[in-house]
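Asks: Please see the structure below; I have some questions.
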Amino acid sequence: MTTTVLTKAPAVRSRTLHTFAAMMARDARVLRRNFVMSAVRIVIQPLLFVFVFAYVLPKVGGGAGPGGEAFSTIMVPGLVGSSMVLQAMAAVTFPLVMELSGPGAIEDRALAPVSVRVLGLQKILSAVVEGLVAGVLVFPVVLLVHAQGQGPAVSVANWPMLVFVLLAGAVLAAAIGMYLATRIDPRQIQVLFTLVMFPAMMLGCVYFPWSSLDGTPWLQIAVLFNPMVYMNEGLRAVLTPQVGHMPTWAFLTALAVGAAGFVWLARRSSPRRVTQ
């Protein structure tokens with residue numbers, strides 16, 4: 001009996017890894033096939049914002065942001081972070097809602113030789129990849145589009161922290177997206193993104209640092225319920241450290257605890273929803 005267990009365990013593990021890799025490859029092919037349209041959709045909004053704030057406003061004499069820093073410097077971490085968060089959430093939420101709401105649409109994945117929890121982790125990882133791709137696409141845009149003499153002052157202060165903030169922020173956003181997709185009525189998802197995500201972006205420390213809200217204490221505390229704040233402030237701390245930002249311990253703790261907590265919640269909610 002011992003021999004049987006020892007020979008079967010590696011086979012099961014190998015089958016799980018093979019299936020997981022096959023699903024990731026499938027999602028990668030879909031991303032590659034739709035790359036041009038996805039890239040345009042991801043880049044267009046940040047491009048318009050930097051064009052207005054970093055190019056047009058300096059031309060008309062209004063190019064300084066909070067603390068006298070150029071808007072282009074303030075917006076680099078905010079636009080990169082918000083683009084990653086929105087893309088990672090959308091990459092898992094909308095496809096999963098369509099699969100769960102359509103008759104039999106999720107069956108091809110649910111019948112795969114892996115547990116439903118593994119399917120959830122694969123969805124999250126795929127969305128993390130798309131979030132990172134969004135960051136890679138947006139960063140050159142916000143770095144290069146600006147009026148003459150208004151270029152952003154960007155320098156990486158801490159590479160390990162940058163990697164952690166990018167990965168933890170993408171995982172947090174993807175896990176939130178997965179949790180919402182498995183807990184909310186599919187008919188309300190579009191309304192959620194319209195009524196919640198737009199205010200979340202406007203108050204997510206995209207266009208101003210969190211420290212600049214110290215004159216409005218109630219708002220400075222209220223925005224702490226917005227996960228996007230921690231992603232943007234983390235990127236602000238490592239990309240534009242000369243700009244005031246949230247204490248390092250605060251955004252690192254929030255990203256780590258938030259990512260772990262929402263992955264746990266998503267893994268608990270996804271099996272119940274898929275097997276309904």
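Ligands are numbered from 1 in the order shown, chains are lettered A, B, ... in the order of the structure tokens, and residues start at 1 in each chain.
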Going by DSSP on the backbone, which bits of range 32-261 of chain A are alpha helix (DSSP H)? Write them as a ChimeraX atom specification, please.

Replies: /A:32-33,35-50,57-59,71-101,107-110,116-144,159-183,189-192,198-202,217-222,227-239,248-261

Asks: With range 238-255 of chain A as the partner and 12 Å as the cut-off, tabulate the residues of range 98-211 of chain A that qualify, each row holding the nearest pair of atoms and their distance in Å to one decimal, using only C-alpha atoms, sorted by chain and rising number, as a tab-separated table.

Replies:
```
residue	atom	partner	partner_atom	distance
A:Phe139	CA	A:Leu239	CA	11.1
A:Leu143	CA	A:Leu239	CA	11.3
A:Pro152	CA	A:Thr240	CA	8.8
A:Ala153	CA	A:Thr240	CA	6.8
A:Val154	CA	A:Thr240	CA	5.3
A:Ser155	CA	A:Leu239	CA	5.2
A:Val156	CA	A:Leu239	CA	4.8
A:Ala157	CA	A:Val238	CA	5.0
A:Asn158	CA	A:Val238	CA	5.8
A:Trp159	CA	A:Val238	CA	7.7
A:Pro160	CA	A:Val238	CA	9.6
A:Met161	CA	A:Val238	CA	7.1
A:Leu162	CA	A:Val238	CA	6.1
A:Val163	CA	A:Val238	CA	9.9
A:Phe164	CA	A:Leu252	CA	8.5
A:Val165	CA	A:Leu255	CA	7.4
A:Leu166	CA	A:Leu255	CA	9.8
A:Leu167	CA	A:Leu255	CA	9.4
A:Ala168	CA	A:Leu255	CA	5.8
A:Gly169	CA	A:Leu255	CA	6.2
A:Ala170	CA	A:Leu255	CA	9.5
A:Val171	CA	A:Leu255	CA	9.0
A:Leu172	CA	A:Leu255	CA	7.0
A:Ala173	CA	A:Leu255	CA	9.9
A:Ala175	CA	A:Leu255	CA	11.8
A:Cys205	CA	A:His245	CA	9.7
A:Val206	CA	A:His245	CA	11.8
A:Phe208	CA	A:His245	CA	9.6
A:Pro209	CA	A:His245	CA	5.8
A:Trp210	CA	A:His245	CA	5.9
A:Ser211	CA	A:His245	CA	5.5
```

Asks: Would you mind reading off the distance between CA of Val97 in chain A and CA of Thr182 in chain A, one decimal, in Å?

Replies: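 Here the two named atoms are 7.6 Å from each other.
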
Asks: Mind checking which residues fall within 9 Å of Val92 in chain A, counting only C-alpha atoms, ignoring those fewer than 2 positions away in the same chain, and posting them as a list of chain:residue names?

Replies: A:Gln87, A:Ala88, A:Met89, A:Ala90, A:Phe94, A:Pro95, A:Leu96, A:Val97, A:Lys123, A:Ile124, A:Ser126, A:Ala127, A:Ala174, A:Ala175, A:Gly177, A:Met178, A:Ala181

Asks: Between A:Ala222, A:Ala91, A:Leu125, A:Ile44, which one has atoms that come closest to Met23 in chain A, using only C-alpha atoms?

Replies: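 Looking only at the distances to Met23 in chain A, the closest residue turns out to be A:Leu125.
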
Asks: If you count only C-alpha atoms, which residues fall within 12 Å of Arg41 in chain A, apart from same-chain ones fewer than 2 positions away, as a list in words?

Replies: Asn34, Phe35, Val36, Met37, Ser38, Ala39, Val43, Ile44, Gln45, Pro46, Leu47, Leu48, Ser83, Leu86, Gln87, Ala90, Ala134, Leu137 and Val138 of chain A

Asks: If I take CA of Asn232 in chain A and CA of Val196 in chain A, how far is one from the other in Å, to one decimal?

Replies: 17.5 Å
